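Asks: I am sharing my_file.cif, which consists of mmCIF, C-alpha atoms and all ligand atoms:
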```
data_entry
loop_
_atom_site.label_atom_id
_atom_site.label_comp_id
_atom_site.auth_asym_id
_atom_site.auth_seq_id
_atom_site.Cartn_x
_atom_site.Cartn_y
_atom_site.Cartn_z
CA MET A 1 120.61 102.67 99.18
CA ASN A 2 120.40 99.95 96.56
CA GLN A 3 122.82 100.71 93.74
CA THR A 4 123.17 97.54 91.76
CA ASP A 5 121.15 96.37 88.81
CA ARG A 6 121.44 92.58 88.94
CA ASN A 7 119.11 91.98 86.04
CA ARG A 8 121.07 90.62 83.06
CA GLY A 9 117.97 90.45 80.87
CA PRO A 10 116.58 93.25 78.73
CA ILE A 11 115.68 96.50 80.47
CA PRO A 12 112.36 95.95 82.31
CA PHE A 13 109.59 97.96 80.71
CA ASN A 14 108.10 98.97 84.07
CA LEU A 15 111.06 101.34 84.45
CA LEU A 16 110.24 103.03 81.15
CA PRO A 17 107.63 105.69 80.35
CA ASP A 18 104.04 104.48 79.83
CA SER A 19 104.11 104.75 76.04
CA ALA A 20 107.36 102.76 75.65
CA GLU A 21 107.17 100.05 73.00
CA VAL A 22 109.49 98.05 70.79
CA GLY A 23 109.72 99.01 67.11
CA SER A 24 110.30 96.72 64.15
CA ARG A 25 114.11 97.19 64.34
CA GLY A 26 114.16 96.20 68.01
CA GLU A 27 114.42 99.87 68.93
CA LEU A 28 112.74 101.65 71.84
CA ARG A 29 109.92 103.96 70.84
CA ILE A 30 108.44 106.53 73.18
CA GLY A 31 105.37 108.58 72.28
CA GLY A 32 105.33 106.73 68.96
CA LEU A 33 108.85 107.86 68.01
CA ALA A 34 112.11 105.91 67.80
CA VAL A 35 114.54 107.04 70.48
CA ASP A 36 117.53 106.70 68.12
CA ASP A 37 115.77 108.96 65.58
CA LEU A 38 115.14 111.53 68.31
CA ALA A 39 118.82 111.39 69.28
CA ALA A 40 119.78 111.93 65.62
CA ASP A 41 117.37 114.87 65.31
CA PHE A 42 118.07 116.63 68.61
CA GLY A 43 121.57 115.41 69.51
CA THR A 44 122.79 113.89 72.77
CA PRO A 45 122.63 114.04 75.72
CA LEU A 46 118.88 114.37 75.40
CA PHE A 47 116.05 114.19 77.93
CA ILE A 48 113.00 112.58 76.32
CA TYR A 49 109.75 113.02 78.29
CA ASP A 50 106.60 111.06 77.52
CA GLU A 51 103.96 113.78 77.71
CA THR A 52 101.12 111.31 78.05
CA HIS A 53 102.85 109.75 81.06
CA LEU A 54 103.21 113.17 82.72
CA ARG A 55 99.56 113.98 82.09
CA SER A 56 98.39 110.62 83.38
CA ARG A 57 100.33 111.04 86.66
CA CYS A 58 98.89 114.56 87.07
CA ARG A 59 95.39 113.10 86.63
CA GLU A 60 96.14 110.41 89.17
CA ALA A 61 97.20 113.07 91.67
CA LEU A 62 94.08 115.07 90.94
CA GLU A 63 91.93 112.01 91.50
CA ALA A 64 93.72 111.22 94.76
CA PHE A 65 93.80 114.72 96.25
CA GLY A 66 91.26 116.78 94.25
CA GLU A 67 91.65 120.57 94.64
CA GLY A 68 94.49 119.88 97.07
CA ALA A 69 96.81 118.44 94.43
CA ALA A 70 99.93 120.48 93.64
CA TYR A 71 102.97 119.57 91.56
CA ALA A 72 106.34 120.17 93.27
CA CYS A 73 108.12 122.09 90.51
CA LYS A 74 111.57 121.41 91.94
CA ALA A 75 111.40 117.92 90.45
CA PHE A 76 111.44 119.31 86.90
CA LEU A 77 110.33 122.68 85.61
CA CYS A 78 110.31 124.58 82.34
CA LEU A 79 107.61 126.68 80.69
CA ALA A 80 106.07 123.68 78.94
CA MET A 81 105.96 121.68 82.17
CA ALA A 82 104.35 124.56 84.07
CA ARG A 83 101.70 124.87 81.36
CA LEU A 84 101.08 121.11 81.26
CA VAL A 85 100.60 120.90 85.02
CA HIS A 86 98.29 123.92 85.00
CA GLU A 87 96.28 122.53 82.09
CA GLU A 88 95.83 119.31 84.03
CA GLY A 89 94.32 121.26 86.92
CA LEU A 90 97.08 120.93 89.53
CA HIS A 91 98.44 123.78 91.62
CA LEU A 92 102.14 124.55 91.25
CA ASP A 93 104.35 124.38 94.34
CA VAL A 94 107.30 126.71 93.74
CA ALA A 95 110.29 126.98 96.06
CA SER A 96 112.21 130.01 94.76
CA GLU A 97 111.87 133.25 92.85
CA GLY A 98 113.14 131.45 89.73
CA GLU A 99 110.49 128.74 89.92
CA LEU A 100 107.85 131.40 90.63
CA HIS A 101 109.07 133.48 87.69
CA THR A 102 108.81 130.44 85.42
CA ALA A 103 105.25 129.75 86.56
CA ILE A 104 104.31 133.40 85.99
CA ALA A 105 105.97 133.40 82.55
CA ALA A 106 103.91 130.30 81.72
CA GLU A 107 100.82 132.37 82.61
CA VAL A 108 99.86 130.29 85.62
CA PRO A 109 97.58 132.51 87.72
CA GLY A 110 98.73 133.34 91.25
CA GLU A 111 95.71 131.62 92.75
CA ARG A 112 97.10 128.30 91.40
CA ILE A 113 100.55 128.75 92.98
CA VAL A 114 101.88 127.86 96.45
CA LEU A 115 105.16 129.40 97.63
CA HIS A 116 107.70 127.35 99.59
CA GLY A 117 111.27 127.84 100.80
CA ASN A 118 113.13 127.78 104.10
CA ASN A 119 114.71 131.19 103.47
CA LYS A 120 112.38 133.29 101.38
CA SER A 121 113.75 136.74 100.73
CA LEU A 122 111.73 139.93 100.84
CA GLY A 123 112.08 139.97 97.05
CA GLU A 124 110.58 136.49 96.70
CA LEU A 125 107.73 137.26 99.07
CA SER A 126 107.07 140.57 97.30
CA LEU A 127 106.93 138.93 93.86
CA ALA A 128 104.52 136.34 95.23
CA ARG A 129 102.29 139.06 96.70
CA ALA A 130 102.35 141.12 93.51
CA HIS A 131 101.24 138.04 91.58
CA GLY A 132 98.50 137.09 94.09
CA VAL A 133 100.05 133.74 95.03
CA SER A 134 97.39 131.77 96.87
CA ARG A 135 99.36 130.24 99.75
CA VAL A 136 102.66 130.90 101.47
CA VAL A 137 104.06 127.98 103.45
CA VAL A 138 105.96 129.67 106.27
CA ASP A 139 109.11 128.02 107.53
CA SER A 140 110.66 130.34 110.14
CA PHE A 141 110.13 133.06 112.73
CA ASP A 142 112.09 135.47 110.51
CA GLU A 143 109.59 134.89 107.75
CA LEU A 144 106.70 135.71 110.09
CA ASP A 145 108.47 139.03 110.76
CA ARG A 146 108.95 139.61 107.04
CA LEU A 147 105.24 139.10 106.38
CA ARG A 148 104.37 141.57 109.16
CA HIS A 149 106.75 144.11 107.64
CA LEU A 150 105.43 143.63 104.10
CA HIS A 151 101.85 143.99 105.34
CA SER A 152 102.77 147.36 106.88
CA VAL A 153 104.00 148.40 103.42
CA ASP A 154 101.37 146.99 101.04
CA GLY A 155 98.47 145.98 103.29
CA VAL A 156 98.29 142.49 101.79
CA VAL A 157 97.28 139.68 104.16
CA ALA A 158 98.97 136.41 103.19
CA SER A 159 97.12 133.09 103.42
CA VAL A 160 99.62 130.97 105.33
CA LEU A 161 100.31 127.36 106.19
CA LEU A 162 102.93 126.78 108.86
CA ARG A 163 105.42 124.04 108.06
CA VAL A 164 106.07 121.79 111.05
CA THR A 165 108.55 118.98 111.59
CA PRO A 166 106.88 115.98 113.21
CA GLY A 167 110.12 114.35 114.35
CA VAL A 168 109.69 111.31 112.14
CA GLU A 169 112.43 109.25 110.48
CA ALA A 170 111.42 108.91 106.83
CA HIS A 171 113.80 106.00 106.09
CA THR A 172 115.35 107.66 103.10
CA HIS A 173 118.70 109.30 102.37
CA GLU A 174 119.79 111.80 105.05
CA PHE A 175 120.00 114.60 102.47
CA VAL A 176 116.33 114.21 101.50
CA SER A 177 115.00 113.51 104.97
CA THR A 178 113.20 116.62 106.22
CA GLY A 179 110.70 115.68 108.93
CA GLN A 180 113.14 115.05 111.79
CA ASN A 181 113.59 117.46 114.72
CA ASP A 182 117.13 118.32 113.62
CA SER A 183 116.20 120.04 110.36
CA LYS A 184 116.64 123.41 108.68
CA PHE A 185 112.99 123.18 107.62
CA GLY A 186 109.91 124.15 109.57
CA PHE A 187 108.91 124.57 113.19
CA GLY A 188 109.55 121.65 115.53
CA LEU A 189 106.54 120.12 117.23
CA ALA A 190 108.60 118.55 120.01
CA SER A 191 110.43 121.77 120.91
CA GLY A 192 107.25 123.83 121.15
CA ALA A 193 108.39 126.08 118.28
CA ALA A 194 105.29 125.14 116.28
CA THR A 195 102.95 126.24 119.09
CA THR A 196 104.80 129.55 119.39
CA ALA A 197 104.61 130.00 115.60
CA VAL A 198 100.82 129.46 115.65
CA ASP A 199 100.42 132.09 118.39
CA LEU A 200 102.63 134.55 116.53
CA ALA A 201 100.89 133.91 113.21
CA ARG A 202 97.47 134.43 114.79
CA SER A 203 98.46 137.77 116.24
CA ASN A 204 100.21 138.91 113.03
CA PRO A 205 98.04 141.34 111.01
CA GLY A 206 99.84 140.28 107.83
CA ILE A 207 98.79 136.65 108.17
CA ASP A 208 95.61 134.66 107.72
CA LEU A 209 96.57 131.27 109.15
CA VAL A 210 94.75 128.65 107.08
CA GLY A 211 96.63 125.43 107.76
CA ILE A 212 99.51 123.25 108.81
CA HIS A 213 102.02 121.67 106.44
CA HIS A 214 104.55 118.89 106.82
CA HIS A 215 106.82 117.01 104.44
CA ILE A 216 108.85 114.15 105.85
CA GLY A 217 111.29 113.65 102.99
CA SER A 218 111.68 112.45 99.44
CA GLN A 219 111.99 109.00 97.81
CA VAL A 220 110.05 107.45 100.70
CA PHE A 221 109.03 103.82 100.11
CA ARG A 222 107.74 102.97 103.57
CA VAL A 223 104.20 104.26 103.46
CA GLU A 224 103.81 103.69 107.20
CA SER A 225 106.14 106.69 107.59
CA PHE A 226 103.48 108.93 106.02
CA ALA A 227 100.73 107.57 108.31
CA GLN A 228 103.02 107.84 111.34
CA ALA A 229 103.83 111.48 110.58
CA LEU A 230 100.18 112.28 109.95
CA GLU A 231 99.18 110.88 113.30
CA ILE A 232 101.64 113.16 115.07
CA VAL A 233 100.82 116.24 113.01
CA VAL A 234 97.07 115.76 113.25
CA GLY A 235 97.36 115.62 117.04
CA PHE A 236 98.70 119.15 116.75
CA SER A 237 96.69 120.55 113.84
CA GLU A 238 93.13 119.33 114.43
CA PRO A 239 92.64 121.12 117.77
CA LEU A 240 93.58 124.33 115.93
CA GLU A 241 90.48 123.85 113.72
CA LEU A 242 92.21 125.19 110.63
CA PRO A 243 90.66 124.46 107.23
CA GLU A 244 93.76 123.01 105.51
CA LEU A 245 96.38 120.32 106.09
CA SER A 246 99.21 119.55 103.64
CA VAL A 247 101.10 116.27 103.70
CA GLY A 248 103.82 117.53 101.31
CA GLY A 249 105.30 115.16 98.75
CA GLY A 250 107.87 112.42 99.00
CA LEU A 251 106.40 109.28 97.45
CA GLY A 252 109.27 107.08 96.23
CA VAL A 253 109.62 105.68 92.72
CA ALA A 254 111.42 102.56 91.47
CA TYR A 255 114.74 103.26 89.76
CA LEU A 256 115.77 99.58 89.65
CA GLU A 257 113.86 96.42 88.87
CA SER A 258 114.42 95.25 92.45
CA GLU A 259 112.48 98.24 93.79
CA SER A 260 108.74 98.77 93.89
CA ALA A 261 106.75 101.75 95.03
CA PRO A 262 103.10 102.50 95.67
CA SER A 263 101.26 104.40 92.95
CA ILE A 264 100.05 107.95 93.56
CA GLY A 265 96.54 106.53 93.92
CA GLU A 266 97.68 104.04 96.57
CA TRP A 267 99.52 106.80 98.40
CA GLY A 268 96.32 108.89 98.30
CA ASP A 269 94.39 105.95 99.75
CA ILE A 270 96.89 105.56 102.59
CA ILE A 271 96.65 109.25 103.41
CA GLY A 272 92.85 109.18 103.01
CA ASP A 273 92.47 106.14 105.32
CA ALA A 274 94.77 107.66 107.94
CA CYS A 275 92.86 110.94 107.84
CA GLU A 276 89.55 109.15 108.23
CA ARG A 277 90.88 107.10 111.15
CA LEU A 278 92.24 110.24 112.78
CA GLY A 279 89.04 112.21 112.20
CA VAL A 280 90.67 114.93 110.12
CA LYS A 281 88.19 117.63 109.15
CA ALA A 282 90.65 119.85 107.29
CA ARG A 283 90.94 119.70 103.50
CA VAL A 284 94.02 117.60 102.76
CA SER A 285 96.50 118.64 100.09
CA ALA A 286 99.69 117.04 98.73
CA GLU A 287 102.67 118.04 96.60
CA PRO A 288 104.06 115.12 94.60
CA GLY A 289 107.06 115.89 92.40
CA ARG A 290 109.16 112.81 91.75
CA SER A 291 106.17 110.47 91.40
CA ILE A 292 104.80 112.63 88.58
CA ALA A 293 107.99 113.30 86.62
CA ALA A 294 110.63 110.65 87.32
CA GLN A 295 109.50 107.69 85.21
CA ALA A 296 108.22 109.95 82.44
CA ALA A 297 111.73 110.46 81.04
CA VAL A 298 114.82 108.71 79.80
CA THR A 299 118.17 110.36 79.12
CA VAL A 300 119.98 109.35 75.96
CA TYR A 301 123.75 109.67 75.70
CA SER A 302 126.40 108.80 73.11
CA VAL A 303 129.27 106.56 74.12
CA GLY A 304 132.58 108.36 73.70
CA THR A 305 135.15 105.94 75.15
CA VAL A 306 135.23 102.33 76.28
CA LYS A 307 138.12 101.54 78.62
CA GLU A 308 138.71 97.93 79.57
CA LEU A 309 140.86 97.44 82.66
CA ALA A 310 141.77 93.74 82.68
CA GLY A 311 140.70 92.07 85.91
CA ILE A 312 139.21 95.30 87.25
CA ARG A 313 136.28 96.64 85.22
CA THR A 314 135.11 98.30 82.02
CA TYR A 315 134.45 102.03 82.02
CA VAL A 316 132.00 103.32 79.45
CA ALA A 317 132.13 107.12 79.22
CA VAL A 318 129.19 109.05 77.82
CA ASP A 319 128.77 112.65 76.71
CA GLY A 320 126.93 113.79 79.85
CA GLY A 321 127.38 112.94 83.52
CA PHE A 322 126.62 114.46 86.87
CA GLY A 323 125.89 117.77 85.15
CA ASP A 324 122.62 116.25 83.94
CA ASN A 325 122.13 113.71 86.73
CA PRO A 326 123.79 114.52 90.06
CA ARG A 327 121.71 112.00 92.04
CA PRO A 328 124.19 109.10 91.94
CA MET A 329 126.96 111.39 93.16
CA LEU A 330 124.82 113.19 95.76
CA TYR A 331 122.90 110.29 97.22
CA GLY A 332 124.58 107.17 95.84
CA SER A 333 121.37 106.54 93.88
CA GLY A 334 121.15 103.44 91.73
CA TYR A 335 120.27 103.53 88.04
CA THR A 336 120.19 101.13 85.11
CA ALA A 337 121.31 101.52 81.52
CA PHE A 338 120.33 100.09 78.15
CA VAL A 339 121.03 100.54 74.47
CA PRO A 340 117.88 102.14 73.03
CA ASP A 341 118.21 100.76 69.51
CA ARG A 342 118.65 97.20 70.90
CA VAL A 343 116.12 97.42 73.73
CA THR A 344 115.12 93.75 73.78
CA GLU A 345 118.67 92.43 73.97
CA PRO A 346 119.91 90.78 77.15
CA ARG A 347 122.54 92.71 79.05
CA PRO A 348 125.09 90.09 80.13
CA ALA A 349 128.12 92.42 80.37
CA LEU A 350 128.99 94.62 83.33
CA ALA A 351 130.36 98.14 83.12
CA ARG A 352 130.62 101.36 85.06
CA ILE A 353 128.90 104.17 83.19
CA VAL A 354 130.72 107.43 83.77
CA GLY A 355 130.36 110.98 82.54
CA LYS A 356 132.84 113.43 81.06
CA HIS A 357 133.26 115.79 84.04
CA CYS A 358 136.66 116.04 85.70
CA GLU A 359 135.73 114.14 88.87
CA SER A 360 136.24 110.46 89.62
CA GLY A 361 132.87 110.58 91.35
CA ASP A 362 131.19 111.44 88.06
CA VAL A 363 129.49 108.05 87.85
CA LEU A 364 126.01 107.57 86.39
CA VAL A 365 125.66 103.82 86.98
CA ARG A 366 128.16 102.01 89.22
CA GLU A 367 127.34 98.48 88.14
CA ALA A 368 125.44 98.60 84.87
CA SER A 369 124.22 95.53 83.03
CA ILE A 370 124.75 96.25 79.36
CA PRO A 371 124.63 94.27 76.11
CA ASP A 372 127.86 92.73 74.85
CA GLU A 373 129.81 94.79 72.39
CA ILE A 374 129.24 98.34 73.45
CA ARG A 375 131.17 100.48 71.01
CA VAL A 376 132.17 104.08 70.66
CA GLY A 377 129.31 105.92 68.95
CA ASP A 378 126.58 103.66 70.39
CA LEU A 379 123.66 105.26 72.15
CA LEU A 380 123.22 104.46 75.82
CA ALA A 381 120.18 105.48 77.87
CA THR A 382 119.25 105.66 81.53
CA PRO A 383 115.58 105.40 82.52
CA VAL A 384 113.69 107.18 85.35
CA THR A 385 115.59 110.44 84.91
CA GLY A 386 112.63 112.81 84.76
CA ALA A 387 112.92 114.16 88.32
CA TYR A 388 115.84 115.94 89.99
CA GLY A 389 118.03 115.40 86.94
CA TYR A 390 117.71 118.37 84.62
CA SER A 391 116.44 120.53 87.50
CA MET A 392 119.42 119.73 89.74
CA GLY A 393 121.96 119.77 86.95
CA SER A 394 124.82 122.13 86.31
CA SER A 395 127.20 123.13 83.57
CA TYR A 396 130.30 122.15 85.55
CA ASN A 397 133.42 122.13 83.37
CA ARG A 398 131.39 124.40 81.11
CA ILE A 399 129.72 121.42 79.56
CA PRO A 400 126.48 122.73 78.05
CA ARG A 401 123.20 121.47 79.50
CA PRO A 402 121.24 118.97 77.38
CA ALA A 403 118.10 119.63 75.38
CA VAL A 404 114.68 118.42 76.56
CA VAL A 405 111.94 117.14 74.26
CA PHE A 406 108.34 116.20 74.99
CA VAL A 407 106.98 113.41 72.81
CA SER A 408 103.44 112.21 72.30
CA ASN A 409 101.32 110.60 69.59
CA GLY A 410 104.12 110.49 67.05
CA SER A 411 105.37 114.03 67.42
CA ALA A 412 108.19 115.65 69.32
CA ARG A 413 108.52 119.22 70.51
CA LEU A 414 111.65 120.81 71.82
CA VAL A 415 110.75 122.35 75.20
CA VAL A 416 114.25 123.32 76.40
CA ARG A 417 116.91 123.94 73.79
CA ARG A 418 120.46 122.69 74.27
CA GLU A 419 122.72 125.18 76.01
CA THR A 420 125.27 126.62 73.60
CA LEU A 421 128.90 127.58 74.09
CA GLU A 422 127.79 131.20 73.71
CA ASP A 423 125.22 130.71 76.50
CA LEU A 424 128.06 129.53 78.71
CA ILE A 425 129.90 132.85 78.44
CA SER A 426 126.80 135.02 78.26
CA LEU A 427 126.99 136.01 81.95
CA ASP A 428 130.68 136.85 81.86
CA VAL A 429 131.14 140.61 81.88
CA GLU A 430 134.66 140.94 80.53
C1 LIG B 1 107.94 120.90 100.73
C2 LIG B 1 108.10 119.89 99.66
N1 LIG B 1 107.01 119.46 99.02
C3 LIG B 1 107.10 118.55 98.02
C4 LIG B 1 108.32 118.03 97.65
C5 LIG B 1 108.36 117.03 96.53
O1 LIG B 1 108.86 115.83 96.94
P1 LIG B 1 108.87 114.58 95.94
O2 LIG B 1 109.48 115.05 94.67
O3 LIG B 1 109.69 113.59 96.63
O4 LIG B 1 107.45 114.16 95.76
C6 LIG B 1 109.49 118.43 98.31
C7 LIG B 1 110.79 117.88 97.93
O5 LIG B 1 111.82 118.09 98.48
C8 LIG B 1 109.37 119.40 99.34
O6 LIG B 1 110.45 119.85 99.99
#
```
Taking this structure as input, can you express it in the form of structure tokens?

Replies:
Amino acid sequence: MNQTDRNRGPIPFNLLPDSAEVGSRGELRIGGLAVDDLAADFGTPLFIYDETHLRSRCREALEAFGEGAAYACKAFLCLAMARLVHEEGLHLDVASEGELHTAIAAEVPGERIVLHGNNKSLGELSLARAHGVSRVVVDSFDELDRLRHLHSVDGVVASVLLRVTPGVEAHTHEFVSTGQNDSKFGFGLASGAATTAVDLARSNPGIDLVGIHHHIGSQVFRVESFAQALEIVVGFSEPLELPELSVGGGLGVAYLESESAPSIGEWGDIIGDACERLGVKARVSAEPGRSIAAQAAVTVYSVGTVKELAGIRTYVAVDGGFGDNPRPMLYGSGYTAFVPDRVTEPRPALARIVGKHCESGDVLVREASIPDEIRVGDLLATPVTGAYGYSMGSSYNRIPRPAVVFVSNGSARLVVRRETLEDLISLDVE
């Protein structure tokens, strides 16, 4: 994966949220508010989401996939996000009891929720049934048995899509590649497991089989991979004459200036064209996560130490780290950095931006272009942190999780408060 930001100019605005603009002091403003003012008001580290950007991506997904558009909550979820997505008319794809609970607490009706997960417990399935969740995407033979058992208890018939693995290389990081034969997810097409699952589902009184689902992976740039997977899956699904077909999520987003990704609309067109060519009659649905949330946010940190190692490199340590963004450590993902109150300045210096966790691997940006004269106390921000950052984070070293604000039209609202030291010991029993 590309990790290096070679741009020594100012941070490119196409990596920033839609409403990003430069203020009269040369500061970055998002949603009409100065990022340094937000940091002063809410503290750092701070996730700042441009609400208008989130809403616009939801609308794009709705336009591309209509009733079949769902937001993959794993990318980023809190009550405000669940409400926003629901208000915009998207379904919510939840992948655990916790995500489902959040959607329910946000008063999203069950008929707007789709349940995922490769190892759903009886408890998760029961909560989904009690809440009238509209679709269960079934991943395993054990789950088919669980649905039969639950039906014998409560009589509920679940509307089910079977998740299949088409055996396609998604050309993304191994950890986010899910469509290959060797996968913990879904029923393999090549092995015949998918055919067996269809037969079992059709003879299961607890199941109304409504469709086939596949998801080839995440952060996928090569759109041919989507069309290739569709071709294989459609060869299996169309003869079944089921009313629904889900293509999952996975559209990549640019994290660096050197990267470019199709828009959600372009992705929809690619899927639409492929479906037309393949004569798909089923209603097609999709579950974008990253492409809705990633570029909507920046994370703002405070610089705590600057360590210059002569002839080696400069380390700039900030007050967060892999606890709020594990992607660089997990996948070697590349990011950029900039100083939000000097957003138009060139970035001729090079530094490694690291966090404050006790791991050498706690690196946020390996080779960051930054302005000259970064000092202790400066703000430093990383763009494109809206997906799989807060949601994948942790409080390792008992470092409290950051706060999250939504900004739009000149106002900011705190949607997730900063974790406190008391929160950190609140689960400890003695
Ligand atoms: C089944 C499923 N749908 C949708 C998504 C969302 O993917 P992305 O955020 O890459 O769009 C994922 C991500 O892992 C997934 O597993």

Asks: Counting all atoms listed in the file, name the residues that have an atom within 10 Å of an atom of ligand LIG 1 (chain B); the answer should be given as a short mmCIF file (atom, residue, chain, number, x, y, z; two decimals) with C-alpha atoms, in the frame of the given file.

Replies:
```cif
data_model
loop_
_atom_site.label_atom_id
_atom_site.label_comp_id
_atom_site.auth_asym_id
_atom_site.auth_seq_id
_atom_site.Cartn_x
_atom_site.Cartn_y
_atom_site.Cartn_z
CA ALA A 70 99.93 120.48 93.64
CA TYR A 71 102.97 119.57 91.56
CA ALA A 72 106.34 120.17 93.27
CA CYS A 73 108.12 122.09 90.51
CA LYS A 74 111.57 121.41 91.94
CA ALA A 75 111.40 117.92 90.45
CA PHE A 76 111.44 119.31 86.90
CA ASP A 93 104.35 124.38 94.34
CA VAL A 94 107.30 126.71 93.74
CA ALA A 95 110.29 126.98 96.06
CA LEU A 115 105.16 129.40 97.63
CA HIS A 116 107.70 127.35 99.59
CA GLY A 117 111.27 127.84 100.80
CA ASN A 118 113.13 127.78 104.10
CA VAL A 137 104.06 127.98 103.45
CA ASP A 139 109.11 128.02 107.53
CA ARG A 163 105.42 124.04 108.06
CA PHE A 175 120.00 114.60 102.47
CA VAL A 176 116.33 114.21 101.50
CA SER A 177 115.00 113.51 104.97
CA THR A 178 113.20 116.62 106.22
CA GLY A 179 110.70 115.68 108.93
CA PHE A 185 112.99 123.18 107.62
CA GLY A 186 109.91 124.15 109.57
CA HIS A 213 102.02 121.67 106.44
CA HIS A 214 104.55 118.89 106.82
CA HIS A 215 106.82 117.01 104.44
CA ILE A 216 108.85 114.15 105.85
CA GLY A 217 111.29 113.65 102.99
CA SER A 218 111.68 112.45 99.44
CA GLN A 219 111.99 109.00 97.81
CA VAL A 220 110.05 107.45 100.70
CA SER A 246 99.21 119.55 103.64
CA VAL A 247 101.10 116.27 103.70
CA GLY A 248 103.82 117.53 101.31
CA GLY A 249 105.30 115.16 98.75
CA GLY A 250 107.87 112.42 99.00
CA LEU A 251 106.40 109.28 97.45
CA GLY A 252 109.27 107.08 96.23
CA VAL A 253 109.62 105.68 92.72
CA ILE A 264 100.05 107.95 93.56
CA ALA A 286 99.69 117.04 98.73
CA GLU A 287 102.67 118.04 96.60
CA PRO A 288 104.06 115.12 94.60
CA GLY A 289 107.06 115.89 92.40
CA ARG A 290 109.16 112.81 91.75
CA SER A 291 106.17 110.47 91.40
CA ILE A 292 104.80 112.63 88.58
CA ALA A 293 107.99 113.30 86.62
CA ALA A 294 110.63 110.65 87.32
CA ALA A 387 112.92 114.16 88.32
CA TYR A 388 115.84 115.94 89.99
#
```

Asks: Considering all atoms listed in the file, state which residue in the set A:Gly361, A:Pro328, A:Pro262, A:Gly320 is at the smallest distance from A:Arg398.

Replies: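 For A:Arg398, the nearest of the given residues is A:Gly320.
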
Asks: When you draw a straight line from atom CA of A:Gly206 to atom CA of A:Leu150, how long is it in Å?

Replies: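 These two atoms are separated by 7.5 Å.
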
Asks: If we count all atoms listed in the file and set the cut-off at 10 Å, which residues sit around A:Arg283, ignoring sequence neighbours fewer than 5 positions away in its own chain? Please answer as a list in words.

Replies: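 Near A:Arg283, the qualifying residues are Phe65, Gly66, Glu67, Gly68, Gly211, Leu242, Pro243, Glu244, Leu245, Ser246 and Cys275 of chain A.
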
Asks: So that I have them on file, write out the residues from the current selection with C-alpha atoms, as a CSV table (one decimal), keeping the file's coordinate frame.

Replies:
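Okay, out17.csv is ready:
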```
chain,number,residue,atom,x,y,z
A,65,PHE,CA,93.8,114.7,96.2
A,66,GLY,CA,91.3,116.8,94.2
A,67,GLU,CA,91.6,120.6,94.6
A,68,GLY,CA,94.5,119.9,97.1
A,211,GLY,CA,96.6,125.4,107.8
A,242,LEU,CA,92.2,125.2,110.6
A,243,PRO,CA,90.7,124.5,107.2
A,244,GLU,CA,93.8,123.0,105.5
A,245,LEU,CA,96.4,120.3,106.1
A,246,SER,CA,99.2,119.6,103.6
A,275,CYS,CA,92.9,110.9,107.8
```

Asks: Contacts of A:Glu88 at 8 Å or less, counting only C-alpha atoms, minus same-chain residues fewer than 6 places along, as a list in words?

Replies: Arg55, Cys58 and Arg59 of chain A

Asks: Residues near A:Gly377, anyone? I mean within 7 Å using all atoms listed in the file, not counting same-chain ones fewer than 6 positions away, as a PyMOL selection string.

Replies: chain A and resi 302-304

Asks: Figure out the distance between atom CA of A:Phe226 and atom CA of A:Gly279, please, to one decimal in Å.

Replies: 16.0 Å

Asks: Could you check how far atom CA of A:Gly26 sits from atom CA of A:Arg417, in Å to one decimal?

Replies: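 If I compute the distance from atom CA of A:Gly26 to atom CA of A:Arg417, I get 28.5 Å.
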
Asks: Contacts of A:Val108 at 8 Å or less, counting only C-alpha atoms, minus same-chain residues fewer than 3 places along, as a list of chain:residue names?

Replies: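 Here the answer would be A:Ala82, A:Arg83, A:His86, A:Ala103, A:Ile104, A:Ala105, A:Arg112, A:Ile113.
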
Asks: Identify which of the residues A:Thr382, A:Ser285, A:Thr299, A:Ser333 lies closest to A:Ala69, counting all atoms listed in the file when measuring atom-to-atom distances.

Replies: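 With all atoms listed in the file as the atom set, the closest residue is A:Ser285.
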
Asks: Generate N, CA and C atoms for stretch 275-281 of chain A and emit them as a short mmCIF file (atom, residue, chain, number, x, y, z; two decimals), in the frame of the given file.

Replies:
```cif
data_model
loop_
_atom_site.label_atom_id
_atom_site.label_comp_id
_atom_site.auth_asym_id
_atom_site.auth_seq_id
_atom_site.Cartn_x
_atom_site.Cartn_y
_atom_site.Cartn_z
N CYS A 275 93.61 109.74 107.46
CA CYS A 275 92.86 110.94 107.84
C CYS A 275 91.49 110.57 108.39
N GLU A 276 90.87 109.57 107.76
CA GLU A 276 89.55 109.15 108.23
C GLU A 276 89.66 108.59 109.66
N ARG A 277 90.67 107.72 109.83
CA ARG A 277 90.88 107.10 111.15
C ARG A 277 91.13 108.17 112.22
N LEU A 278 91.85 109.22 111.81
CA LEU A 278 92.24 110.24 112.78
C LEU A 278 91.18 111.35 112.91
N GLY A 279 90.12 111.22 112.11
CA GLY A 279 89.04 112.21 112.20
C GLY A 279 89.43 113.59 111.70
N VAL A 280 90.23 113.63 110.65
CA VAL A 280 90.67 114.93 110.12
C VAL A 280 89.51 115.63 109.41
N LYS A 281 89.27 116.87 109.80
CA LYS A 281 88.19 117.63 109.15
C LYS A 281 88.75 118.60 108.11
#
```
